[in-house]
Each structure stands twice: as C-alpha cells, then as structure tokens.
$ cat input.txt   # compact mmCIF, C-alpha atoms
# COMPACT_ATOMS: atom_id res chain seq x y z
CA MET A 28 18.10 23.37 -9.00
CA ALA A 29 19.63 22.69 -5.59
CA GLY A 30 16.48 23.39 -3.62
CA ASP A 31 17.79 26.31 -1.57
CA ASN A 32 14.33 27.87 -1.23
CA LEU A 33 11.68 25.17 -1.17
CA THR A 34 8.14 26.38 -1.78
CA ALA A 35 4.86 24.86 -2.91
CA GLU A 36 5.72 26.03 -6.46
CA THR A 37 9.20 24.47 -6.49
CA THR A 38 9.92 21.85 -9.17
CA LEU A 39 12.81 19.42 -9.59
CA ASP A 40 13.85 17.72 -12.83
CA LEU A 41 15.13 14.28 -11.76
CA ARG A 42 17.13 13.89 -14.98
CA PHE A 43 16.54 10.14 -14.94
CA PRO A 44 18.44 8.02 -15.86
CA ALA A 45 21.30 10.51 -16.35
CA CYS A 46 21.29 11.13 -12.60
CA LEU A 47 22.71 7.59 -12.17
CA ALA A 48 25.48 7.90 -14.74
CA ALA A 49 28.22 9.32 -12.52
CA ASP A 50 27.65 6.83 -9.70
CA PHE A 51 27.13 3.75 -11.91
CA PRO A 52 29.07 4.37 -15.15
CA ARG A 53 29.75 0.66 -15.73
CA GLU A 54 26.30 -0.66 -14.93
CA LEU A 55 23.91 1.96 -16.33
CA PRO A 56 24.37 1.40 -20.10
CA VAL A 57 23.99 -2.36 -19.65
CA ALA A 58 20.86 -1.98 -17.50
CA GLU A 59 19.20 0.39 -19.96
CA ALA A 60 19.95 -1.87 -22.92
CA CYS A 61 18.53 -4.91 -21.13
CA VAL A 62 15.31 -3.09 -20.25
CA ASP A 63 14.96 -2.07 -23.90
CA ARG A 64 15.26 -5.73 -24.92
CA VAL A 65 12.65 -6.81 -22.40
CA LEU A 66 10.20 -4.13 -23.51
CA ALA A 67 10.67 -5.12 -27.14
CA ALA A 68 10.06 -8.78 -26.27
CA VAL A 69 6.79 -8.21 -24.39
CA GLN A 70 5.35 -5.57 -26.71
CA GLY A 71 1.69 -6.41 -27.27
CA SER A 72 1.58 -9.05 -24.53
CA SER A 73 -1.38 -9.36 -22.16
CA PHE A 74 -0.44 -9.35 -18.49
CA GLU A 75 -3.81 -10.49 -17.15
CA PRO A 76 -2.30 -13.74 -15.77
CA LEU A 77 -0.07 -11.63 -13.51
CA GLU A 78 -3.08 -9.69 -12.22
CA GLU A 79 -5.30 -12.61 -11.18
CA ARG A 80 -3.43 -13.25 -7.95
CA SER A 81 -2.25 -9.69 -7.48
CA PRO A 82 -5.12 -7.35 -8.46
CA GLY A 83 -3.04 -4.31 -7.51
CA LEU A 84 -1.22 -4.84 -10.83
CA LYS A 85 -4.31 -4.08 -12.91
CA GLU A 86 -3.69 -1.22 -15.33
CA ASN A 87 -0.06 -1.11 -14.18
CA ASP A 88 2.26 0.82 -16.50
CA TRP A 89 4.77 -1.98 -17.07
CA SER A 90 6.95 0.08 -19.37
CA ASN A 91 7.32 2.76 -16.71
CA TYR A 92 7.92 0.11 -14.03
CA LEU A 93 10.72 -1.52 -16.01
CA ARG A 94 12.39 1.75 -16.93
CA CYS A 95 12.33 2.89 -13.29
CA SER A 96 13.80 -0.49 -12.32
CA VAL A 97 17.04 0.56 -13.97
CA ALA A 98 17.79 2.27 -10.63
CA ARG A 99 17.33 -1.03 -8.78
CA MET A 100 19.44 -2.89 -11.32
CA VAL A 101 22.45 -0.61 -11.13
CA HIS A 102 22.42 -0.53 -7.33
CA ALA A 103 22.48 -4.34 -7.17
CA ALA A 104 25.17 -4.79 -9.81
CA GLY A 105 27.25 -1.95 -8.41
CA ALA A 106 27.18 -3.37 -4.90
CA LEU A 107 28.30 -6.82 -6.09
CA HIS A 108 31.12 -5.31 -8.12
CA ARG A 109 32.37 -3.20 -5.21
CA LYS A 110 32.34 -6.20 -2.87
CA GLY A 111 34.35 -8.44 -5.18
CA ALA A 112 31.52 -10.72 -6.35
CA ALA A 113 31.53 -9.69 -10.00
CA THR A 114 31.70 -13.20 -11.53
CA GLY A 115 30.47 -16.72 -10.96
CA ARG A 116 27.26 -18.72 -11.23
CA LEU A 117 24.26 -16.59 -10.29
CA LEU A 118 20.63 -17.41 -9.49
CA ASP A 119 17.99 -14.74 -10.02
CA TYR A 120 15.21 -15.97 -7.72
CA GLY A 121 11.86 -14.48 -8.73
CA ALA A 122 13.26 -13.23 -12.04
CA TYR A 123 9.86 -12.08 -13.35
CA PHE A 124 10.56 -9.99 -16.49
CA GLY A 125 14.17 -11.15 -16.53
CA ASN A 126 15.73 -7.69 -16.71
CA PHE A 127 18.09 -8.40 -13.80
CA ALA A 128 19.02 -11.82 -15.19
CA LEU A 129 19.81 -10.33 -18.61
CA MET A 130 21.95 -7.61 -17.06
CA PHE A 131 23.98 -10.04 -14.96
CA ALA A 132 24.51 -12.28 -17.99
CA GLU A 133 25.79 -9.26 -19.94
CA LEU A 134 28.11 -8.44 -17.02
CA GLY A 135 29.73 -11.87 -17.25
CA TYR A 136 27.87 -14.09 -14.78
CA THR A 137 26.53 -17.54 -15.62
CA VAL A 138 22.86 -17.02 -14.89
CA ASP A 139 19.85 -19.15 -13.97
CA ALA A 140 16.51 -17.33 -13.75
CA ILE A 141 13.64 -18.91 -11.87
CA ASP A 142 9.97 -17.93 -11.61
CA ALA A 143 6.43 -19.27 -12.11
CA TYR A 144 6.71 -19.01 -15.88
CA ARG A 145 4.33 -21.91 -16.57
CA GLU A 146 1.78 -20.48 -14.15
CA TYR A 147 1.92 -17.05 -15.77
CA MET A 148 1.09 -18.71 -19.09
CA THR A 149 1.49 -16.53 -22.17
CA ALA A 150 2.23 -13.31 -20.23
CA LEU A 151 5.92 -14.06 -19.82
CA HIS A 152 6.55 -16.66 -22.53
CA PRO A 153 8.45 -14.06 -24.59
CA ILE A 154 10.71 -13.53 -21.58
CA VAL A 155 11.59 -17.23 -21.42
CA ASP A 156 12.56 -17.12 -25.09
CA LEU A 157 14.56 -13.92 -24.60
CA LEU A 158 16.46 -15.36 -21.63
CA SER A 159 17.26 -18.59 -23.45
CA ALA A 160 18.55 -16.70 -26.47
CA ALA A 161 20.80 -14.63 -24.18
CA GLY A 162 22.39 -17.71 -22.61
CA VAL A 163 20.35 -17.49 -19.39
CA ARG A 164 18.87 -20.80 -18.21
CA PRO A 165 15.16 -20.36 -17.33
CA LEU A 166 13.95 -22.52 -14.45
CA ASP A 167 10.37 -22.99 -13.31
CA PHE A 168 8.98 -23.30 -9.80
CA ASP A 169 6.76 -26.13 -11.09
CA VAL A 170 9.89 -28.15 -11.85
CA VAL A 171 12.45 -27.30 -9.17
CA GLY A 172 10.06 -26.10 -6.44
CA ARG A 173 9.79 -22.77 -4.71
CA ASP A 174 11.96 -24.32 -2.02
CA LEU A 175 14.50 -25.31 -4.74
CA HIS A 176 14.40 -28.95 -3.62
CA ALA A 177 15.45 -30.09 -7.10
CA VAL A 178 18.58 -27.90 -7.05
CA ALA A 179 21.78 -29.39 -5.64
CA PRO A 180 23.22 -27.83 -2.47
CA ALA A 181 25.98 -25.23 -2.84
CA THR A 182 25.27 -24.60 -6.53
CA TYR A 183 25.58 -20.83 -6.77
CA ASP A 184 28.26 -18.25 -6.08
CA VAL A 185 25.71 -15.41 -6.04
CA ILE A 186 21.95 -15.29 -5.46
CA VAL A 187 19.89 -12.19 -6.07
CA CYS A 188 16.39 -12.03 -4.61
CA MET A 189 14.95 -8.75 -5.82
CA GLY A 190 11.52 -7.61 -4.63
CA VAL A 191 10.44 -11.10 -3.60
CA VAL A 192 10.53 -11.49 0.18
CA GLU A 193 7.63 -9.05 0.68
CA HIS A 194 5.40 -11.42 -1.33
CA ILE A 195 6.06 -14.39 0.99
CA PRO A 196 3.19 -15.26 3.38
CA HIS A 197 3.68 -16.42 6.95
CA THR A 198 7.46 -16.30 7.52
CA PRO A 199 10.38 -15.50 5.18
CA ARG A 200 12.51 -18.08 6.99
CA VAL A 201 11.61 -20.96 4.63
CA LEU A 202 12.60 -18.96 1.56
CA LEU A 203 15.84 -17.71 3.10
CA GLU A 204 16.85 -21.19 4.26
CA ALA A 205 16.17 -22.53 0.74
CA LEU A 206 18.43 -19.86 -0.75
CA ASP A 207 21.04 -20.55 1.89
CA ARG A 208 21.06 -24.27 1.03
CA VAL A 209 21.87 -23.71 -2.67
CA LEU A 210 24.42 -20.92 -2.02
CA LYS A 211 28.05 -21.97 -1.81
CA PRO A 212 30.02 -21.35 1.40
CA GLY A 213 31.54 -17.91 0.94
CA GLY A 214 28.85 -17.07 -1.60
CA VAL A 215 26.97 -13.77 -1.67
CA LEU A 216 23.25 -13.13 -1.26
CA VAL A 217 21.61 -9.89 -2.45
CA LEU A 218 18.24 -9.24 -0.83
CA GLU A 219 16.15 -6.26 -1.93
CA THR A 220 12.72 -5.24 -0.66
CA PRO A 221 10.53 -2.13 -0.21
CA ASN A 222 11.11 -0.12 2.94
CA LEU A 223 8.11 -0.21 5.28
CA ALA A 224 9.33 3.08 6.80
CA HIS A 225 9.33 4.87 3.43
CA LEU A 226 8.39 8.53 3.91
CA TYR A 227 5.30 8.22 1.73
CA ASN A 228 4.16 5.25 3.84
CA ARG A 229 4.54 7.35 6.96
CA GLN A 230 2.44 10.08 5.40
CA LYS A 231 -0.21 7.60 4.28
CA LEU A 232 -0.47 6.21 7.79
CA ALA A 233 -0.74 9.75 9.16
CA ARG A 234 -3.76 10.17 6.90
CA GLY A 235 -5.20 6.84 8.03
CA GLU A 236 -4.57 5.15 4.66
CA ALA A 237 -3.29 1.64 3.90
CA VAL A 238 0.37 1.34 2.87
CA MET A 239 0.08 -2.00 1.06
CA THR A 240 -2.58 -3.47 -1.23
CA PRO A 241 -5.97 -1.98 -0.32
CA ILE A 242 -8.37 -4.64 0.93
CA ALA A 243 -10.84 -3.74 -1.83
CA GLN A 244 -8.28 -5.07 -4.33
CA GLN A 245 -6.97 -8.00 -2.32
CA TYR A 246 -10.38 -9.27 -1.18
CA TYR A 247 -11.37 -10.83 -4.52
CA ALA A 248 -7.91 -12.01 -5.59
CA MET A 249 -7.48 -15.61 -6.71
CA LEU A 250 -5.59 -17.80 -4.27
CA PRO A 251 -2.79 -17.73 -3.45
CA PHE A 252 -2.63 -13.94 -3.20
CA GLU A 253 0.73 -12.81 -4.62
CA GLY A 254 0.79 -9.16 -3.58
CA HIS A 255 2.74 -7.80 -0.61
CA HIS A 256 2.04 -9.80 2.54
CA ARG A 257 4.58 -7.96 4.67
CA GLU A 258 7.14 -5.21 4.25
CA TYR A 259 10.28 -4.68 6.35
CA THR A 260 12.46 -2.02 7.89
CA VAL A 261 16.18 -1.91 7.15
CA GLY A 262 17.01 -3.18 10.64
CA GLU A 263 14.75 -6.19 10.13
CA VAL A 264 16.39 -7.14 6.82
CA VAL A 265 19.85 -6.98 8.38
CA TRP A 266 18.56 -9.01 11.35
CA MET A 267 17.32 -11.77 9.01
CA MET A 268 20.73 -12.02 7.37
CA GLU A 269 22.28 -12.35 10.80
CA GLN A 270 19.92 -15.22 11.64
CA LEU A 271 21.42 -17.09 8.69
CA GLY A 272 24.85 -16.46 10.16
CA TYR A 273 25.80 -14.24 7.22
CA GLN A 274 28.23 -11.35 7.29
CA VAL A 275 26.53 -8.20 6.06
CA LEU A 276 28.84 -6.56 3.51
CA VAL A 277 26.83 -3.52 2.53
CA THR A 278 23.44 -1.94 3.24
CA GLU A 279 21.92 0.60 0.88
CA LEU A 280 18.69 2.60 0.77
CA PHE A 281 17.54 4.43 -2.34
CA ASN A 282 14.50 5.61 -4.32
CA TYR A 283 13.29 4.43 -7.69
CA SER A 284 9.56 4.74 -8.46
CA ALA A 285 9.62 8.58 -8.31
CA TYR A 286 11.74 8.51 -11.45
CA GLY A 287 8.65 7.55 -13.41
CA GLY A 288 7.28 11.08 -13.08
CA GLY A 289 10.29 12.83 -14.57
CA THR A 290 9.76 16.11 -12.72
CA LEU A 291 8.71 16.55 -9.09
CA ALA A 292 6.67 19.46 -7.82
CA GLY A 293 5.56 20.96 -4.51
CA ARG A 294 5.51 18.56 -1.60
CA ASP A 295 7.23 15.82 -3.64
CA VAL A 296 10.30 18.03 -3.99
CA THR A 297 10.41 18.56 -0.24
CA ASN A 298 9.94 14.84 0.34
CA HIS A 299 12.76 14.08 -2.07
CA TRP A 300 15.27 16.25 -0.21
CA ARG A 301 14.03 14.91 3.12
CA MET A 302 14.81 11.37 1.94
CA VAL A 303 18.20 12.45 0.64
CA ALA A 304 18.96 13.76 4.14
CA ASP A 305 17.48 10.77 6.01
CA PRO A 306 18.05 7.42 4.26
CA THR A 307 15.69 5.55 6.61
CA MET A 308 12.85 7.29 4.75
CA ARG A 309 13.90 6.05 1.29
CA GLU A 310 11.88 3.55 -0.73
CA ILE A 311 14.11 0.51 -1.28
CA ILE A 312 16.34 -1.55 1.02
CA LEU A 313 19.28 -3.47 -0.48
CA VAL A 314 21.43 -5.74 1.70
CA VAL A 315 24.42 -7.71 0.39
CA SER A 316 25.73 -10.42 2.71
CA ARG A 317 28.21 -13.29 2.58
CA LYS A 318 27.62 -16.87 3.69
CA ALA A 319 30.16 -18.19 6.17
CA ALA A 320 32.79 -20.45 4.65
CA GLY A 321 32.68 -22.90 7.57
CA SER A 322 30.35 -23.80 10.41
CA ARG A 323 28.33 -20.88 11.59
CA SER A 324 25.99 -19.63 14.24
CA ALA A 325 23.65 -16.65 14.25
CA ALA A 326 25.72 -13.51 13.98
CA ALA A 327 25.62 -11.02 16.80
CA GLN A 328 23.13 -8.27 16.16
CA SER A 329 24.79 -5.18 14.81
CA ASP A 330 23.79 -1.64 13.97
CA TRP A 331 22.85 -1.62 10.28
CA THR A 332 24.48 1.79 9.90
CA ALA A 333 27.88 0.12 10.38
CA THR A 334 27.58 -1.36 6.87
CA TYR A 335 25.61 1.45 5.28
CA GLU A 336 26.92 3.00 2.06
CA ASP A 337 25.10 5.94 0.53
CA MET A 338 25.23 5.53 -3.25
CA GLU A 339 22.87 8.45 -3.86
CA ARG A 340 25.93 10.64 -4.26
CA TYR A 341 24.49 12.58 -7.18
CA TRP A 342 21.69 13.83 -4.94
CA GLN A 343 23.99 14.40 -2.00
CA ARG A 344 26.00 16.80 -4.13
CA LEU A 345 22.88 18.75 -5.08
CA ALA A 346 21.19 18.67 -1.68
CA PRO A 347 20.22 22.06 -0.19
CA PRO A 348 21.92 23.17 3.05
CA GLY A 349 20.76 20.93 5.85
CA GLY A 350 19.24 18.59 3.33
CA GLY A 351 16.04 20.59 3.39
CA ARG A 352 15.39 19.18 6.84
CA GLU A 353 13.73 22.27 8.30
CA GLU A 354 11.50 22.89 5.29
CA ALA A 355 10.65 19.19 4.95
CA GLN A 356 9.94 18.76 8.64
CA ALA A 357 7.76 21.85 8.63
CA LEU A 358 5.84 20.50 5.66
CA ILE A 359 5.43 17.09 7.25
CA GLU A 360 4.28 18.62 10.52
CA THR A 361 1.92 20.87 8.59
CA GLU A 362 0.53 17.85 6.80
CA LEU A 363 -0.07 16.09 10.09
CA LEU A 364 -1.75 19.22 11.45
CA LEU A 365 -3.88 19.37 8.33
CA VAL A 366 -4.85 15.74 8.88
CA GLU A 367 -5.81 16.55 12.47
CA LEU A 368 -7.67 19.64 11.28
CA GLN A 369 -9.48 17.57 8.68
CA HIS A 370 -10.47 15.09 11.36
CA ALA A 371 -11.69 17.97 13.53
CA VAL A 372 -13.65 19.44 10.62
CA GLU A 373 -15.14 16.03 9.85
CA LEU A 374 -16.06 15.62 13.52
CA ARG A 375 -17.58 19.10 13.61
CA ASP A 376 -19.46 18.50 10.39
CA GLY A 377 -20.62 15.17 11.74
CA LEU A 378 -21.86 16.79 14.93
CA LEU A 379 -23.59 19.55 12.98
CA GLU A 380 -25.16 16.99 10.70
CA THR A 381 -26.28 14.99 13.72
CA GLU A 382 -27.66 18.12 15.34
CA GLN A 383 -29.53 18.98 12.16
CA ARG A 384 -30.91 15.46 11.92
CA ILE A 385 -32.03 15.68 15.56
CA LYS A 386 -33.69 19.05 14.90
CA LEU A 387 -35.46 17.70 11.85
CA HIS A 388 -36.46 14.62 13.78
CA LEU A 389 -37.76 16.74 16.65
CA GLN A 390 -39.65 18.93 14.20
CA ASP A 391 -41.19 15.83 12.69
CA GLU A 392 -42.02 14.48 16.13
CA ILE A 393 -43.50 17.79 17.26
CA GLY A 394 -45.55 17.94 14.06
CA ARG A 395 -46.78 14.40 14.63
CA ARG A 396 -47.53 15.21 18.27
CA ASP A 397 -49.51 18.31 17.33
CA GLN A 398 -51.43 16.39 14.71
CA ILE A 399 -52.22 13.66 17.21
CA ILE A 400 -53.45 16.33 19.67
CA ARG A 401 -55.58 17.88 16.94
CA ASP A 402 -56.95 14.49 15.99
CA VAL A 403 -57.67 13.63 19.63
CA ASN A 404 -59.31 17.00 20.24
CA ALA A 405 -61.42 16.52 17.15
CA ASP A 406 -62.42 13.05 18.32
CA ILE A 407 -63.22 14.40 21.80
CA GLY A 408 -65.27 17.19 20.26
CA ALA A 409 -67.18 14.76 18.10
CA LEU A 410 -67.76 12.45 21.06
CA GLN A 411 -68.84 15.41 23.20
CA ARG A 412 -71.30 16.56 20.58
CA THR A 413 -72.65 13.07 20.19
CA LEU A 414 -72.85 12.68 23.93
CA ASP A 415 -74.55 16.06 24.32
CA ALA A 416 -77.02 15.18 21.63
CA LYS A 417 -77.81 11.82 23.14
CA LEU A 418 -77.97 13.25 26.67
CA SER A 419 -80.29 16.07 25.58
CA GLU A 420 -82.60 13.61 23.87
CA ARG A 421 -82.66 11.32 26.88
CA LEU A 422 -83.39 14.24 29.24
CA LYS A 423 -86.22 15.39 27.03
CA ARG A 424 -87.75 11.93 26.97
CA ARG A 425 -87.38 11.61 30.74
CA TRP A 426 -89.00 15.00 31.28
CA ARG A 427 -91.91 14.06 29.11
CA ARG A 428 -92.41 10.83 31.03
CA LEU A 429 -92.30 12.65 34.37
CA VAL A 430 -94.77 15.24 33.23
CA GLY A 431 -97.05 12.61 31.87
CA ARG A 432 -97.34 10.90 35.29
CA ARG A 433 -98.36 13.99 37.27
CA PRO A 434 -102.12 14.50 38.13
CA GLN A 435 -104.00 16.78 35.80
CA SER A 436 -104.44 19.33 38.57
CA GLU A 437 -100.67 19.66 39.02
CA ARG A 438 -99.95 20.20 35.41
CA VAL A 439 -99.03 23.70 34.51
CA GLU A 440 -101.14 25.21 31.93
CA GLY A 441 -99.08 26.52 29.10
$ encode --input "input.txt" --output "structure tokens"
Amino acid sequence: MAGDNLTAETTLDLRFPACLAADFPRELPVAEACVDRVLAAVQGSSFEPLEERSPGLKENDWSNYLRCSVARMVHAAGALHRKGAATGRLLDYGAYFGNFALMFAELGYTVDAIDAYREYMTALHPIVDLLSAAGVRPLDFDVVGRDLHAVAPATYDVIVCMGVVEHIPHTPRVLLEALDRVLKPGGVLVLETPNLAHLYNRQKLARGEAVMTPIAQQYYAMLPFEGHHREYTVGEVVWMMEQLGYQVLVTELFNYSAYGGGTLAGRDVTNHWRMVADPTMREIILVVSRKAAGSRSAAAQSDWTATYEDMERYWQRLAPPGGGREEAQALIETELLLVELQHAVELRDGLLETEQRIKLHLQDEIGRRDQIIRDVNADIGALQRTLDAKLSERLKRRWRRLVGRRPQSERVEG
C-alpha cells in the first residue's frame, strides 16, 4: 500500500523487520540473532531494579522494546560500515541489555560494554554472563567510573553511546569529554538520542501534554532519577560534536518504536508518511563523527543537512506522491483546530457550569433571604401582638385609675 489516498480508515503493514532487509542486508540478520539471544537470557527476570529510578519503565514491554531496537542497531552498524570504521576496539557506553555490544562483537569488533550492572542487581546479571560468554568484556560504572577515570586515554577506536545522553542531568559536556578522552585520535563516536522535535512530540505539545516522563511518575522516583532529563534536536546534537572539534561524518534520522505495533491505522499512517517526507519529524537522531587526529579547536558550525543521509530508502520508494504532505498537513492542522475547539468547548462548558453554579447560588441566597424576611415578619408580628396586648392592658388600667379619681357626681351612670 503506497498511501495514494489517505483516509481515516487507511492501514499500513510496516512489514517489520523485513522492511529493513534491503537497506541493511549485512546487519539485519546479526541484529535479529543477537536480540533473540538477549531475550532468551533474560527470560523470567524481574526488572524492578531498573524501574526504581525510572518509574516510566514500569510495565514496559521489554521484549517489544528489544525487537524494535533492531532498527536502531542496524542503523548504527550500517553507518560505521559505510564510513570505514568496521573494525577495531569498541566501547558500548550505557550498554544496558547488551544487544548492541553483542552485535558489534559478532561483526568483528573487540568490544567492552559498560553500565551500572552492580547497581541493577539481578535484573541484568544474565546479560553480564551472556556478554562474557560472547567474548565481550563487561565493565561496571562502580569500578571504572561514569567519567571513565579508570580507563586509559586513547583506548578505543570506536565508541557507541546509544540512547544515553538524554538521561544525563545538568550538562552533557562532562559525559562527552569523558568519551573524548578515551577515544583515539582519528577514532569514531556514534551518538544516538531521541528527537525532541519528533512529530508525536509536536502533537502532544499541541494538546498541552508532556513529551517526557510525566511528573506523576517522576515525582516519587528514587534518586538519582534515571529517566530522560533533556532531549535534543538534530542541530543541537551536531553542534555538540562540533564543540568537541569532531568532524561529522553522517547524520541520520529514523523511526523505530512504531514497529512494535505491526500495522498502523488512521492518523498514524498519515504521520508515518509525513515523517518519511520530513526527516526532522522522525523519532531518532544518529550522528557519527570523527575525532581529529591532531590538535583541534571547535569546528565551525555547519548545516546538519550537509552530512545527512536518508537510510529510510524502503519507505522513500513506497511514499505517496508528495510524501503525503498535503494530507498529513491537513490532518495536523485539523488536529490543532480540534484542540482549539476542545479548549473552546471546555471554556464554554466551564462558563455554563459557572453560570449554573451562580444561578443555584442566587436561588439559595434568594431562598435564604425570603426565609429571613418571613422569620423577621413573624417576629415583628409576634412583637406587635405582644405590644398590642401589653398596651391594651396598660390603657385599661390607666382608664380605670382615671375614672376612679373623678367625683361621684361626674361619673357617668352606666
């Protein structure tokens, strides 16, 4: 289905992971096999230790996450292969489940994989065993430091830092300078991170929703919080590489988490083709850069599009005329209008509710006022009757006294 006529009933079979086969024939079989090994190793494991400092991971479908990550794996391996960095000693910084480390070991690299494996306790112990058995050397932040102070300078030919930088609080500079220190001159750094300008993020913001961990989840997390502290745009990632004095070799943007659904429908189909047409709206940023061989200074800022390579060629071939731009833009604009309409409806409903509350309040107040008037009138009536009774009695007594003082001759005979 090429998406020529996009409607609310349109569906799209993503054919994952077959959709990656033509663009990554070398990398895909290896990536899939490594994910299978990881899933077998962690079968039955409890991942609660991962959730304590990142509550957004609760009830996460880890199998789905890892299978979708095949897209991330092949993009990283493919980019290194195309740029002539297909061998050497490699560090997987923030290796987590080890699927990237396993893949690179299978592709011929000598691999070290570092993460907080001691801190995560039993959750990832099977991964440490799996990596060791595959010839990957597991390292722990508790031993070598998150700043890699126990690692000798210029140790690695390649460093991959996949989905890590967004978890760093404060500034990413300290992490990037640590990676730079242990990377050999002429070595290659692969940095991957979610795209802050992802189309779904833009739509969430249009609806007034959070695009990172909702505060209700983050608020009670154990310290230090390990969810996303900050996400980046593609221009910002390229800029950071330039601050290290690196030469950017290739910039890619692609999607991956949508593959977990298998088939898209309705608006998701339109969004898909919109992202095919406009890479700045895609989910993941991947930047491959090379460390200068000699002394360096911050590279001049460049347009990231100068190094951009679109590896979503499968989808480019299937894209509808114009990339579905008109239909997608119309849908996006409609969504924004619907958001505005919803706000207007909520405002109207709020005003009507307020008006109703005021009416009810006024009715209550009028009722209370009328009751008070009735009570006051009743009190006045009672007082008047009492007063009349007392006044009548007093007048009668006074009249009797006056009559009693008059001479007998003046008294009127009855």
$ atom_distance --input "input.txt" --atom1 "CA of Gly288 in chain A" --atom2 "CA of Leu218 in chain A"
26.1 Å
$ atom_distance --input "input.txt" --atom1 "CA of Phe281 in chain A" --atom2 "CA of Arg200 in chain A"
24.9 Å
$ closest_residue --input "input.txt" --among "A:Tyr341, A:Tyr147, A:Tyr120, A:Phe252" --to "Glu75 in chain A" --atoms "all atoms listed in the file"
A:Tyr147
$ residues_near_point --input "input.txt" --point "(10.7, -17.5, -19.7)" --cutoff "12 Å" --atoms "only C-alpha atoms" --output "PyMOL selection string"
chain A and resi 65+68-69+121-126+128-129+139-161+163-168
$ atom_distance --input "input.txt" --atom1 "CA of Ile312 in chain A" --atom2 "CA of Leu55 in chain A"
19.3 Å
$ closest_atom_pairs --input "input.txt" --of "range 34-96 of chain A" --to "range 237-249 of chain A" --cutoff "12 Å" --atoms "all atoms listed in the file" --output "CSV"
residue,atom,partner,partner_atom,distance
A:Pro76,CA,A:Met249,CA,10.6
A:Leu77,CA,A:Met249,CA,10.8
A:Glu78,CA,A:Ala248,CA,8.5
A:Glu79,CA,A:Met249,CA,5.8
A:Arg80,CA,A:Met249,CA,4.8
A:Ser81,CA,A:Ala248,CA,6.4
A:Pro82,CA,A:Gln244,CA,5.7
A:Gly83,CA,A:Gln244,CA,6.2
A:Leu84,CA,A:Gln244,CA,9.6
A:Lys85,CA,A:Gln244,CA,9.5
$ residues_around --input "input.txt" --residues "Val261 in chain A" --least-positions-apart "4" --cutoff "10 Å" --atoms "all atoms listed in the file" --output "list in words"
Thr220, Pro221, Asn222, Leu223, Ala224, Val265, Trp266, Thr278, Glu279, Leu280, Pro306, Thr307, Ile311, Ile312, Leu313, Val314, Trp331 and Thr332 of chain A
$ residues_around --input "input.txt" --residues "Phe43 in chain A" --least-positions-apart "6" --cutoff "10 Å" --atoms "only C-alpha atoms" --output "mmCIF file with C-alpha atoms, in the frame of the given file"
data_model
loop_
_atom_site.group_PDB
_atom_site.id
_atom_site.type_symbol
_atom_site.label_atom_id
_atom_site.label_comp_id
_atom_site.auth_asym_id
_atom_site.auth_seq_id
_atom_site.Cartn_x
_atom_site.Cartn_y
_atom_site.Cartn_z
ATOM 1 C CA ARG A 94 12.390 1.750 -16.930
ATOM 2 C CA CYS A 95 12.330 2.890 -13.290
ATOM 3 C CA VAL A 97 17.040 0.560 -13.970
ATOM 4 C CA ALA A 98 17.790 2.270 -10.630
ATOM 5 C CA TYR A 283 13.290 4.430 -7.690
ATOM 6 C CA ALA A 285 9.620 8.580 -8.310
ATOM 7 C CA TYR A 286 11.740 8.510 -11.450
ATOM 8 C CA GLY A 287 8.650 7.550 -13.410
ATOM 9 C CA GLY A 288 7.280 11.080 -13.080
ATOM 10 C CA GLY A 289 10.290 12.830 -14.570
ATOM 11 C CA THR A 290 9.760 16.110 -12.720
#
$ residues_around --input "input.txt" --residues "Met308 in chain A" --least-positions-apart "3" --cutoff "10 Å" --atoms "all atoms listed in the file" --output "CSV table (one decimal) with C-alpha atoms, in the frame of the given file"
chain,number,residue,atom,x,y,z
A,222,ASN,CA,11.1,-0.1,2.9
A,223,LEU,CA,8.1,-0.2,5.3
A,224,ALA,CA,9.3,3.1,6.8
A,225,HIS,CA,9.3,4.9,3.4
A,226,LEU,CA,8.4,8.5,3.9
A,227,TYR,CA,5.3,8.2,1.7
A,228,ASN,CA,4.2,5.2,3.8
A,229,ARG,CA,4.5,7.4,7.0
A,260,THR,CA,12.5,-2.0,7.9
A,280,LEU,CA,18.7,2.6,0.8
A,281,PHE,CA,17.5,4.4,-2.3
A,282,ASN,CA,14.5,5.6,-4.3
A,298,ASN,CA,9.9,14.8,0.3
A,299,HIS,CA,12.8,14.1,-2.1
A,301,ARG,CA,14.0,14.9,3.1
A,302,MET,CA,14.8,11.4,1.9
A,303,VAL,CA,18.2,12.4,0.6
A,304,ALA,CA,19.0,13.8,4.1
A,305,ASP,CA,17.5,10.8,6.0
A,311,ILE,CA,14.1,0.5,-1.3
$ closest_residue --input "input.txt" --among "A:Val170, A:Ala319, A:Val201, A:Leu378" --to "Gly214 in chain A" --atoms "only C-alpha atoms"
A:Ala319
$ closest_residue --input "input.txt" --among "A:Gly111, A:Leu206, A:Arg428, A:Met130" --to "Ala60 in chain A" --atoms "only C-alpha atoms"
A:Met130
